Each structure stands twice: as C-alpha cells, then as structure tokens.
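For reference, final06.csv (CSV, C-alpha atoms):
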```csv
chain,number,residue,atom,x,y,z
A,1,MET,CA,-16.8,19.5,-39.4
A,2,GLU,CA,-18.8,16.3,-39.8
A,3,MET,CA,-17.8,13.2,-41.7
A,4,SER,CA,-17.4,9.5,-41.5
A,5,PHE,CA,-13.9,8.1,-41.1
A,6,HIS,CA,-13.4,4.5,-40.3
A,7,HIS,CA,-10.1,2.8,-39.8
A,8,ARG,CA,-10.4,-0.9,-39.0
A,9,GLY,CA,-8.2,-2.3,-36.3
A,10,ARG,CA,-7.3,1.1,-34.7
A,11,ASP,CA,-8.9,2.9,-31.8
A,12,GLU,CA,-11.6,5.2,-33.1
A,13,GLU,CA,-10.7,8.1,-30.8
A,14,ALA,CA,-7.0,7.9,-31.7
A,15,VAL,CA,-7.9,8.1,-35.4
A,16,ALA,CA,-10.2,11.0,-34.8
A,17,GLU,CA,-7.5,12.9,-33.0
A,18,ALA,CA,-4.9,12.2,-35.7
A,19,TYR,CA,-7.2,13.2,-38.5
A,20,ALA,CA,-8.5,16.3,-36.7
A,21,ARG,CA,-5.0,17.6,-35.9
A,22,PHE,CA,-4.0,16.8,-39.5
A,23,LEU,CA,-6.8,19.0,-40.9
A,24,HIS,CA,-6.2,21.7,-38.4
A,25,ASP,CA,-2.6,22.0,-39.5
A,26,LYS,CA,-3.3,21.5,-43.2
A,27,TRP,CA,-6.1,24.1,-43.3
A,28,GLY,CA,-4.2,26.5,-41.0
A,29,VAL,CA,-7.3,27.1,-38.8
A,30,GLY,CA,-6.9,30.2,-36.6
A,31,LEU,CA,-4.3,33.0,-36.6
A,32,GLU,CA,-0.8,33.0,-35.5
A,33,CYS,CA,-0.1,35.2,-32.4
A,34,PRO,CA,2.7,37.7,-33.3
A,35,ALA,CA,3.7,38.1,-29.6
A,36,ASP,CA,4.1,34.3,-29.1
A,37,SER,CA,5.6,32.6,-32.1
A,38,GLY,CA,4.2,29.1,-32.8
A,39,THR,CA,0.9,29.7,-31.2
A,40,SER,CA,-2.5,30.2,-32.8
A,41,THR,CA,-6.1,30.8,-31.9
A,42,GLY,CA,-8.0,28.3,-34.0
A,43,LEU,CA,-10.5,25.6,-33.0
A,44,LEU,CA,-11.6,22.7,-35.1
A,45,LEU,CA,-14.4,20.2,-34.1
A,46,PHE,CA,-14.0,16.9,-35.9
A,47,LEU,CA,-16.9,14.3,-35.9
A,48,SER,CA,-16.7,10.8,-37.2
A,49,VAL,CA,-20.4,9.8,-37.4
A,50,HIS,CA,-19.7,6.2,-38.4
A,51,ASP,CA,-17.3,5.6,-35.6
A,52,ARG,CA,-19.2,7.8,-33.2
A,53,ALA,CA,-16.1,9.6,-32.2
A,54,MET,CA,-15.1,13.3,-32.0
A,55,TYR,CA,-12.1,15.5,-31.3
A,56,LEU,CA,-11.9,19.2,-30.5
A,57,SER,CA,-8.5,20.5,-31.7
A,58,ARG,CA,-7.3,23.7,-30.0
A,59,GLY,CA,-4.7,26.2,-31.0
A,60,LYS,CA,-1.9,26.6,-28.5
A,61,ALA,CA,-2.8,30.2,-27.7
A,62,LEU,CA,-6.1,29.0,-26.2
A,63,GLU,CA,-4.6,26.5,-23.7
A,64,ARG,CA,-4.8,28.8,-20.7
A,65,VAL,CA,-8.5,29.5,-21.3
A,66,LEU,CA,-9.8,26.3,-22.9
A,67,THR,CA,-8.0,23.9,-20.6
A,68,ASN,CA,-8.3,20.1,-21.0
A,69,HIS,CA,-10.8,20.0,-18.2
A,70,ARG,CA,-13.0,22.6,-19.9
A,71,LEU,CA,-12.7,20.8,-23.3
A,72,ASP,CA,-14.0,17.6,-21.7
A,73,ARG,CA,-17.0,19.5,-20.4
A,74,ILE,CA,-17.6,21.1,-23.8
A,75,LEU,CA,-17.6,17.7,-25.5
A,76,GLY,CA,-19.7,16.2,-22.6
A,77,ALA,CA,-22.5,18.8,-23.3
A,78,ALA,CA,-22.7,17.6,-26.9
A,79,LYS,CA,-22.9,13.8,-26.2
A,80,PRO,CA,-26.6,13.6,-25.3
A,81,HIS,CA,-27.5,15.3,-28.7
A,82,PHE,CA,-25.1,13.1,-30.7
A,83,ARG,CA,-26.6,9.9,-29.1
A,84,ARG,CA,-29.9,11.0,-30.5
A,85,ASP,CA,-28.3,11.6,-33.9
A,86,ASP,CA,-29.2,15.3,-33.5
A,87,TYR,CA,-25.8,16.6,-34.7
A,88,ALA,CA,-26.9,20.2,-35.3
A,89,ALA,CA,-28.0,20.5,-31.7
A,90,GLY,CA,-24.8,18.9,-30.5
A,91,VAL,CA,-22.6,21.3,-32.5
A,92,LEU,CA,-24.6,24.2,-31.3
A,93,ALA,CA,-24.1,23.1,-27.7
A,94,VAL,CA,-20.3,22.9,-28.3
A,95,LEU,CA,-20.3,26.5,-29.7
A,96,LYS,CA,-22.3,27.8,-26.7
A,97,GLU,CA,-20.0,26.2,-24.2
A,98,ILE,CA,-16.9,27.6,-26.0
A,99,GLN,CA,-18.4,31.1,-26.0
A,100,ARG,CA,-19.2,30.8,-22.3
A,101,TYR,CA,-15.7,29.8,-21.3
A,102,LEU,CA,-14.1,32.5,-23.5
A,103,GLU,CA,-16.1,35.1,-21.8
A,104,LEU,CA,-15.2,33.7,-18.3
A,105,GLY,CA,-11.5,33.9,-19.1
A,106,GLU,CA,-8.9,31.8,-17.3
A,107,PRO,CA,-10.1,29.4,-14.6
A,108,ASP,CA,-10.1,30.8,-11.0
A,109,ASP,CA,-8.4,29.0,-8.1
A,110,ALA,CA,-11.4,26.9,-7.2
A,111,GLU,CA,-11.8,25.6,-10.8
A,112,LYS,CA,-8.0,25.0,-11.0
A,113,GLN,CA,-8.2,22.9,-7.9
A,114,GLU,CA,-11.1,21.0,-9.3
A,115,GLU,CA,-9.2,20.4,-12.5
A,116,LEU,CA,-6.2,19.3,-10.6
A,117,LEU,CA,-8.2,16.7,-8.7
A,118,ALA,CA,-9.8,15.5,-12.0
A,119,ASN,CA,-6.4,15.1,-13.6
A,120,LEU,CA,-4.9,13.3,-10.6
A,121,PHE,CA,-7.7,10.7,-10.5
A,122,PRO,CA,-6.7,9.0,-13.8
A,123,ILE,CA,-3.1,9.1,-12.8
A,124,MET,CA,-3.9,7.4,-9.5
A,125,ALA,CA,-6.0,4.9,-11.2
A,126,PHE,CA,-3.3,4.2,-13.7
A,127,GLY,CA,-0.8,3.9,-10.9
A,128,THR,CA,-3.1,1.4,-9.1
A,129,LEU,CA,-3.5,-0.6,-12.3
A,130,LEU,CA,0.2,-0.6,-12.9
A,131,GLY,CA,0.9,-1.8,-9.4
A,132,PHE,CA,-1.7,-4.6,-9.8
A,133,VAL,CA,-0.1,-5.7,-13.1
A,134,PHE,CA,3.4,-5.7,-11.4
A,135,LEU,CA,2.2,-7.8,-8.5
A,136,LYS,CA,0.3,-10.1,-10.8
A,137,LYS,CA,3.5,-10.6,-12.9
A,138,GLN,CA,5.5,-11.3,-9.8
A,139,TYR,CA,2.8,-13.8,-8.7
A,140,ASP,CA,2.8,-15.5,-12.1
A,141,ASP,CA,6.5,-15.8,-12.2
A,142,ARG,CA,6.6,-17.3,-8.7
A,143,GLN,CA,4.0,-19.8,-9.6
A,144,ALA,CA,5.8,-20.7,-12.8
A,145,ARG,CA,9.0,-21.3,-10.8
A,146,THR,CA,7.2,-23.4,-8.3
A,147,TYR,CA,5.6,-25.5,-11.0
A,148,ALA,CA,8.9,-26.0,-12.7
A,149,GLN,CA,10.4,-27.1,-9.3
A,150,VAL,CA,7.6,-29.7,-8.8
A,151,GLU,CA,7.9,-30.8,-12.4
A,152,SER,CA,11.6,-31.4,-11.8
A,153,HIS,CA,10.9,-33.5,-8.7
A,154,LEU,CA,8.4,-35.6,-10.5
A,155,SER,CA,10.8,-36.1,-13.4
A,156,GLU,CA,13.4,-37.3,-10.9
A,157,LEU,CA,10.9,-39.8,-9.5
A,158,ASP,CA,10.1,-41.1,-13.0
A,159,ARG,CA,13.8,-41.5,-13.7
A,160,GLY,CA,14.4,-43.2,-10.3
A,161,ARG,CA,11.7,-45.8,-11.1
A,162,ALA,CA,13.3,-46.5,-14.5
A,163,GLU,CA,16.7,-47.0,-12.7
A,164,ALA,CA,15.0,-49.2,-10.0
A,165,LEU,CA,13.6,-51.4,-12.7
A,166,GLN,CA,17.1,-52.0,-13.9
A,167,GLY,CA,18.2,-52.7,-10.3
A,168,HIS,CA,20.6,-49.8,-9.8
A,169,TYR,CA,18.6,-46.9,-8.4
A,170,GLN,CA,20.7,-44.0,-7.1
A,171,CYS,CA,19.4,-41.4,-4.6
A,172,ARG,CA,20.5,-37.9,-5.6
A,173,SER,CA,18.5,-35.8,-3.2
A,174,CYS,CA,17.3,-35.7,0.4
A,175,PRO,CA,14.0,-37.4,0.8
A,176,ILE,CA,12.9,-34.9,3.5
A,177,CYS,CA,13.7,-31.5,1.9
A,178,LEU,CA,14.0,-32.8,-1.7
A,179,GLU,CA,17.1,-30.7,-2.3
A,180,ASP,CA,19.9,-32.2,-4.4
A,181,PHE,CA,23.0,-33.6,-2.8
A,182,GLN,CA,26.3,-32.0,-3.6
A,183,GLN,CA,28.6,-33.6,-6.0
A,184,PRO,CA,31.4,-35.5,-4.3
A,185,LEU,CA,35.1,-34.7,-4.5
A,186,PRO,CA,37.1,-36.9,-6.9
A,187,SER,CA,38.3,-40.2,-5.2
A,188,SER,CA,36.4,-39.4,-2.1
A,189,THR,CA,35.3,-42.4,-0.1
A,190,ASP,CA,33.6,-40.7,2.9
A,191,ASP,CA,30.0,-41.5,2.8
A,192,GLY,CA,28.7,-39.7,5.8
A,193,ASP,CA,27.4,-40.7,9.2
A,194,VAL,CA,26.2,-44.2,9.7
A,195,ASP,CA,23.4,-44.3,12.2
A,196,GLY,CA,24.2,-47.5,14.2
A,197,ASP,CA,22.5,-46.9,17.5
A,198,GLY,CA,19.6,-44.7,16.5
A,199,ASP,CA,20.7,-41.9,18.8
A,200,ASP,CA,21.1,-38.8,16.8
A,201,ASN,CA,23.0,-37.0,19.6
A,202,ALA,CA,25.5,-39.9,20.1
A,203,ALA,CA,28.8,-39.9,18.4
A,204,THR,CA,28.7,-41.2,14.8
A,205,SER,CA,31.5,-42.6,12.8
A,206,THR,CA,32.4,-42.1,9.2
A,207,ALA,CA,32.5,-45.3,7.2
A,208,THR,CA,33.2,-46.3,3.7
A,209,THR,CA,30.2,-47.9,2.1
A,210,THR,CA,29.7,-49.6,-1.2
A,211,THR,CA,26.9,-51.2,-3.1
A,212,THR,CA,27.6,-54.4,-1.2
A,213,THR,CA,26.5,-53.0,2.1
A,214,THR,CA,23.6,-50.7,1.3
A,215,THR,CA,20.6,-50.7,-0.9
A,216,ASN,CA,21.1,-47.1,-1.9
A,217,THR,CA,24.1,-46.9,-4.3
A,218,THR,CA,24.4,-43.1,-4.0
A,219,ALA,CA,26.3,-43.5,-0.7
A,220,ASP,CA,29.5,-44.3,-2.5
A,221,ARG,CA,29.0,-41.5,-5.0
A,222,CYS,CA,27.7,-38.5,-3.0
A,223,THR,CA,29.2,-37.6,0.3
A,224,ILE,CA,27.9,-34.1,1.0
A,225,GLY,CA,24.3,-33.2,1.5
A,226,SER,CA,22.5,-30.0,0.3
A,227,ASP,CA,23.3,-28.5,3.7
A,228,GLY,CA,27.0,-28.8,3.1
A,229,GLN,CA,27.4,-31.5,5.8
A,230,PRO,CA,28.3,-35.2,5.4
A,231,LEU,CA,25.3,-37.3,4.6
A,232,LYS,CA,23.3,-39.1,7.3
A,233,LEU,CA,23.4,-42.8,6.3
A,234,LEU,CA,21.1,-45.1,8.2
A,235,ARG,CA,21.7,-48.8,8.6
A,236,CYS,CA,18.8,-49.7,6.3
A,237,GLY,CA,20.7,-47.9,3.5
A,238,HIS,CA,18.6,-44.7,3.2
A,239,VAL,CA,20.4,-41.4,3.2
A,240,PHE,CA,19.4,-37.9,4.3
A,241,ASP,CA,20.8,-34.4,4.8
A,242,GLU,CA,22.3,-34.3,8.3
A,243,THR,CA,20.3,-31.1,9.1
A,244,CYS,CA,17.0,-32.6,7.8
A,245,TRP,CA,17.5,-35.8,9.8
A,246,SER,CA,18.3,-33.9,13.0
A,247,GLU,CA,15.3,-31.6,12.6
A,248,TRP,CA,13.1,-34.6,11.8
A,249,VAL,CA,13.9,-36.5,15.0
A,250,THR,CA,14.2,-33.5,17.4
A,251,ALA,CA,10.9,-31.9,16.2
A,252,GLY,CA,9.1,-35.1,17.1
A,253,VAL,CA,8.0,-35.8,13.6
A,254,GLY,CA,9.8,-39.1,13.4
A,255,ASN,CA,11.2,-41.7,15.7
A,256,VAL,CA,15.0,-41.7,16.0
A,257,ARG,CA,15.0,-45.5,16.1
A,258,ILE,CA,12.9,-45.9,13.0
A,259,CYS,CA,13.7,-45.1,9.4
A,260,PRO,CA,10.9,-42.8,8.1
A,261,ILE,CA,10.9,-44.5,4.7
A,262,CYS,CA,11.1,-48.2,5.3
A,263,LYS,CA,10.1,-48.2,9.0
A,264,GLN,CA,13.0,-50.5,9.9
A,265,ASP,CA,14.4,-50.5,13.4
A,266,ILE,CA,17.8,-48.9,12.8
A,267,ALA,CA,18.8,-49.1,16.5
A,268,THR,CA,19.6,-52.9,16.5
A,269,THR,CA,21.9,-55.0,14.4
A,270,THR,CA,19.1,-57.5,13.8
A,271,ALA,CA,17.4,-54.9,11.6
A,272,MET,CA,20.2,-55.5,9.1
A,273,ARG,CA,18.6,-58.9,8.2
A,274,SER,CA,15.3,-57.5,7.1
A,275,THR,CA,14.1,-57.9,3.6
A,276,THR,CA,14.6,-54.2,2.8
A,277,ASN,CA,18.2,-54.4,3.8
A,278,VAL,CA,19.6,-57.4,1.9
A,279,PRO,CA,23.0,-56.5,0.4
A,280,ASP,CA,22.9,-54.8,-3.1
A,281,ASN,CA,25.5,-57.1,-4.6
A,282,PRO,CA,23.6,-59.8,-6.5
A,283,THR,CA,26.5,-62.2,-6.1
A,284,ALA,CA,26.9,-61.8,-2.4
A,285,GLN,CA,25.9,-64.8,-0.3
A,286,PRO,CA,25.0,-65.0,3.4
A,287,GLN,CA,28.1,-65.9,5.5
A,288,HIS,CA,26.3,-68.6,7.6
A,289,PRO,CA,23.2,-69.8,5.7
A,290,PRO,CA,21.2,-72.4,7.7
A,291,PRO,CA,21.9,-75.7,6.1
A,292,GLN,CA,19.0,-77.8,4.8
A,293,GLN,CA,16.6,-75.3,6.2
A,294,GLN,CA,13.8,-73.6,4.3
A,295,GLN,CA,14.4,-69.9,3.9
A,296,PRO,CA,12.0,-67.5,5.6
A,297,GLN,CA,9.8,-65.4,3.4
A,298,ASN,CA,11.7,-62.2,4.3
A,299,LEU,CA,14.9,-63.6,2.8
A,300,MET,CA,15.4,-63.7,-0.9
A,301,ARG,CA,17.5,-65.7,-3.3
A,302,PHE,CA,20.2,-63.5,-4.8
A,303,ASN,CA,19.6,-64.1,-8.4
A,304,ASN,CA,19.4,-61.1,-10.8
A,305,GLY,CA,15.6,-61.1,-11.1
A,306,ASN,CA,15.1,-61.0,-7.3
A,307,GLN,CA,17.7,-58.3,-7.0
A,308,ASN,CA,15.8,-56.1,-9.4
A,309,ASP,CA,12.6,-56.8,-7.6
A,310,ARG,CA,14.1,-55.9,-4.2
A,311,VAL,CA,15.6,-52.6,-5.5
A,312,LEU,CA,12.2,-51.8,-7.0
A,313,ARG,CA,10.4,-52.4,-3.7
A,314,GLN,CA,12.9,-50.4,-1.9
A,315,TYR,CA,12.6,-47.5,-4.3
A,316,GLN,CA,8.8,-47.7,-4.2
A,317,ARG,CA,8.8,-47.0,-0.4
A,318,GLU,CA,11.1,-44.0,-0.9
A,319,ARG,CA,9.0,-42.8,-3.8
A,320,ASN,CA,5.8,-42.9,-1.7
A,321,PHE,CA,7.6,-41.0,1.1
A,322,ARG,CA,8.8,-38.3,-1.4
A,323,LEU,CA,5.3,-37.9,-2.8
A,324,GLN,CA,4.0,-37.3,0.7
A,325,ARG,CA,6.6,-34.7,1.3
A,326,MET,CA,5.8,-33.0,-2.0
A,327,MET,CA,2.1,-32.9,-1.1
A,328,MET,CA,3.1,-31.1,2.1
A,329,ARG,CA,5.4,-28.6,0.4
A,330,PHE,CA,3.4,-28.0,-2.8
A,331,PRO,CA,-0.3,-28.5,-1.9
A,332,GLN,CA,-1.4,-26.3,-4.9
A,333,TYR,CA,0.0,-28.8,-7.3
A,334,ILE,CA,0.1,-32.2,-5.4
A,335,ARG,CA,-3.1,-33.2,-3.7
A,336,GLN,CA,-4.1,-36.2,-1.5
A,337,ASP,CA,-6.1,-37.9,-4.2
A,338,GLN,CA,-3.2,-37.7,-6.6
A,339,VAL,CA,-0.8,-39.2,-4.1
A,340,ALA,CA,-3.3,-42.0,-3.3
A,341,ARG,CA,-3.5,-42.8,-7.0
A,342,TRP,CA,0.2,-42.5,-7.7
A,343,THR,CA,1.2,-44.7,-4.7
A,344,SER,CA,-1.2,-47.4,-5.7
A,345,THR,CA,0.3,-50.7,-6.9
A,346,THR,CA,-1.7,-50.5,-10.0
A,347,TYR,CA,-0.4,-47.1,-11.2
A,348,ASN,CA,2.2,-47.5,-13.9
A,349,GLY,CA,2.2,-44.2,-15.7
A,350,SER,CA,4.5,-41.2,-15.7
A,351,LEU,CA,4.0,-38.7,-12.9
A,352,VAL,CA,5.2,-35.7,-14.7
A,353,ARG,CA,2.9,-36.4,-17.6
A,354,ASP,CA,-0.2,-37.2,-15.5
A,355,PRO,CA,-3.1,-35.0,-16.7
A,356,SER,CA,-3.9,-34.1,-13.1
A,357,PHE,CA,-0.6,-32.3,-12.8
A,358,THR,CA,0.0,-31.0,-16.4
A,359,ARG,CA,-3.2,-29.1,-16.4
A,360,HIS,CA,-1.7,-26.7,-13.9
A,361,GLY,CA,1.0,-25.7,-16.4
A,362,SER,CA,-1.3,-25.5,-19.4
A,363,SER,CA,-2.9,-22.2,-18.5
A,364,THR,CA,-0.9,-19.2,-19.8
A,365,SER,CA,-1.9,-15.6,-19.9
A,366,ALA,CA,-0.9,-13.5,-22.8
A,367,GLY,CA,-0.2,-9.9,-22.0
A,368,GLN,CA,-1.9,-7.2,-24.0
A,369,GLN,CA,0.4,-4.8,-25.6
A,370,GLY,CA,-0.8,-1.2,-25.8
A,371,GLN,CA,-0.2,0.8,-28.9
A,372,TYR,CA,0.2,4.6,-29.0
A,373,ARG,CA,-0.9,6.4,-32.0
A,374,GLY,CA,1.1,9.2,-33.4
A,375,ALA,CA,-0.5,12.3,-34.8
A,376,ILE,CA,-0.3,13.1,-38.5
A,377,HIS,CA,1.2,16.5,-39.5
A,378,GLY,CA,1.2,18.3,-42.7
A,379,GLY,CA,1.6,21.7,-44.3
A,380,GLY,CA,-1.2,24.1,-44.6
A,381,PHE,CA,-2.2,27.7,-45.2
A,382,GLY,CA,-3.5,30.5,-43.0
A,383,GLY,CA,-0.9,30.1,-40.3
A,384,GLY,CA,-2.9,28.3,-37.7
A,385,SER,CA,-1.8,24.9,-36.2
A,386,SER,CA,-3.1,22.4,-33.6
A,387,GLY,CA,-1.7,22.6,-30.1
A,388,GLY,CA,-3.5,19.5,-28.9
A,389,GLY,CA,-7.1,19.1,-27.7
A,390,ARG,CA,-9.5,16.5,-26.3
A,391,GLY,CA,-11.5,13.6,-27.8
A,392,ALA,CA,-14.4,11.5,-26.8
A,393,SER,CA,-17.0,9.0,-28.1
A,394,TRP,CA,-20.7,8.7,-27.7
```
Entire entry expressed as structure tokens:
Amino acid sequence: MEMSFHHRGRDEEAVAEAYARFLHDKWGVGLECPADSGTSTGLLLFLSVHDRAMYLSRGKALERVLTNHRLDRILGAAKPHFRRDDYAAGVLAVLKEIQRYLELGEPDDAEKQEELLANLFPIMAFGTLLGFVFLKKQYDDRQARTYAQVESHLSELDRGRAEALQGHYQCRSCPICLEDFQQPLPSSTDDGDVDGDGDDNAATSTATTTTTTTTNTTADRCTIGSDGQPLKLLRCGHVFDETCWSEWVTAGVGNVRICPICKQDIATTTAMRSTTNVPDNPTAQPQHPPPQQQQPQNLMRFNNGNQNDRVLRQYQRERNFRLQRMMMRFPQYIRQDQVARWTSTTYNGSLVRDPSFTRHGSSTSAGQQGQYRGAIHGGGFGGGSSGGGRGASW
C-alpha cells in the first residue's frame, strides 16, 4: 500500500506504525489460524511517501519466521530504491525478501545469535545513555546546591555590610569554614574561649563579653560554634569555631599570635589599644585619657559617626577575609579577579547581584520529555489482525 500521510508535530515512523496496524486490523489482512486462536498470517506494507516513512505490519502467526531482525533486513533492502523514488522496485525487493525468508523457515542457531546481539546493542546503548543522563542530573543537582550555598554566603556578606553601616554588625558564622554558629540557649552568657595569650594549647577561660568589650556583637548572642563547641573569641573581638581555629594554627596556615582577619597581635594586652579594638559602646570613655595631649591617629573619638565608621572598617576586613575563603572553597564561582574587584574600596555594589556571579545561575537546561505513541485499533473483516512489525524511514 502506498499513500501520503502527514501528521504535523508527531514522529513520522510512529504515525506510520499506528496507521499501518489500524489498516491491518480494519481490513482483516491474512487468515486466522484455527490451531492458535488470535493469530493470523497476514502482511501489510504501508508507505507514507510524503513523510518518507514505512511500516511492515506482520500477523502474529509469522513472528517465528519473520522475526524483527529479518523485518529490518527486508525494509533495508527497499531503502535504496525508495531514496531514488523508485517505489515499484522497492516494493518488489520487499516481496522477494519476504519470499526468501518464508522458504528458509525459522532462523537457525547462528542467525538467532546474530539477532540476539543485534537486539542487545540498542539495549546497551540505551542503558549507557540512561546512565549518562542520571550522572548528568546528579552533577547538575550538585552544582545547583553549591551555587545556592555560595549565593547564601554572598547574601550574608551583603546583609553584614548593611548592618555595619548602621554600626551594629553581628557575626553569625565562622569566618574560616563559613558555617553558621548554633543558636544560644536562652539566658546563656557563656561566650566561648577568650584567647588572651595566643597559645591555643594553653588553658583558656570562659568569660562573659558584651558589646562594650568587643567589636563583634555576636559574642553575647551566640555561644556555640557550628562544631558544637564553645566559640573561640580572640582579644581583638573576632570569633571562630574552636575546631577551625585549632586547625588553622596547628596546620601552619596562620600564626597563633596574630588574628587572621585584622592581623592584630592577640598575645599581648597592648593589642587591646589598637584602632580595630576600640570598645563597641559609643558612650564608653577611656579610663585614663592623657590630659591636654593630642590623640594619636589610631585612637578615635567616640561619637556616633566615628563608631559607625569603625564598625564598618572592622567588618570590611572580615568581609575581605571571607571572600578569600570563599574563593578557595568555591573556585568555580568565585575567582581572583572578582575578589580583587569586590575588595576594592571603590566597590559599592551588591555581591549576590553582581553579573560576574549571577551568570553562573542563569543557564538552565530543560529536559526533553519523550512521548510514546499508542497504536490505533479498530474492527475489520476477513479475520486477520496485526501482531506488530517493524518500521523505518528513508
């Protein structure tokens, strides 16, 4: 049978199969086998010239002789003729191949083995493709989670800068590992270890700290680090997870006597007088100010404007340190050139909305959803029916 049948938006071979089996059933091509109810001997060749697709519908009684592998070979013999628009020669080649296989009878062991290998190849190829899709999905999910994590850290830095501009920045995570501190217990006043001598192995004491003794006001709010241990509070006011601080100094990354953020000497009490460690309380006054003496440049007047400026400078150092840590942890999203620009004194934009970062989250891949076409069935006459078949295009 030769005709043109075009269905826009659907796969041509699937349409050819559906229509061929519909006609096979409706016309009742072939004869029912009395010994095997529900099987018939008919064959129907459907050609869609416009779509350049064909389907050879086979009665169920012929499955053992005209196997799927043989049907593919039969259709393959017709393709060269159909490509030249010589449809008569193509149909004749189909008929000759059908006759040859009917005379041969059922496939021998060698042909069955060849057919088995031919059937296994697409299954293996599909399995490989499925495995690739699964791994790609896992990779995309992992990348999406990492991007969301970096986005959260940058949002925290933007929020911290806004708080620092108001003069009341609160550190909520460890600057080294970037993990959030745990929420404190109600009415808890323990603020962790105060590093007074710079020796991480020496005994440390637990002290109550408030905003009048440290530039980091989280010390009187959070008491437990992300590692479940009391926070490590340095004399300069910066806080870390106890585990992170210990690893930082024991691994030789940092100096146990120097704060990695503000570079203050935390091993001497004179360090408490540095600019970066002036008490947070804007109303606090030095206990023994030098009378009638010009204040050094590293001391500040404790008016509200200077207080806000001091907190902002303190935060800026911590922000720069955190960006360096993020670059080391997430090099696929945070690069050296970004950090150099973001830590510049002239940069005043939002980190999380910076185009150099947001472009990483703008590329999304839409999965393709496959559609399976159902065959069309209908009543017929003559008793024959389709038991399947094979299709192809040219």
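Take the candidates A:Arg70, A:Arg145, A:His238, A:Arg161 and check each one against Arg313 in chain A using all atoms listed in the file; the shortest distance goes to A:Arg161.
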Could you jot down the CA of Ala18 in chain A to CA of Ala53 in chain A separation for me, Å, one decimal place? 12.0 Å
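Distance check against His153 in chain A using only C-alpha atoms: of A:Leu102, A:Cys174, A:Met124, A:Ala118, the minimum falls on A:Cys174.
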Compile the contact shell of Phe46 in chain A as a PyMOL selection string: residues with an atom at most 12 Å away, counting all atoms listed in the file, same-chain residues fewer than 4 positions apart removed. chain A and resi 1-5+13+15-24+51-58+75+87+91+94+389-393
Interatomic distance between CA of Asp72 in chain A and CA of Asp85 in chain A? 19.7 Å
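Comparing the minimum interatomic distances between Gln149 in chain A and each of A:Arg335, A:Asp241, A:Arg329, A:Gln99, counting only C-alpha atoms, we find that A:Arg329 sits nearest.
In this structure, CA of Leu44 in chain A sits 20.3 Å away from CA of Asp11 in chain A.
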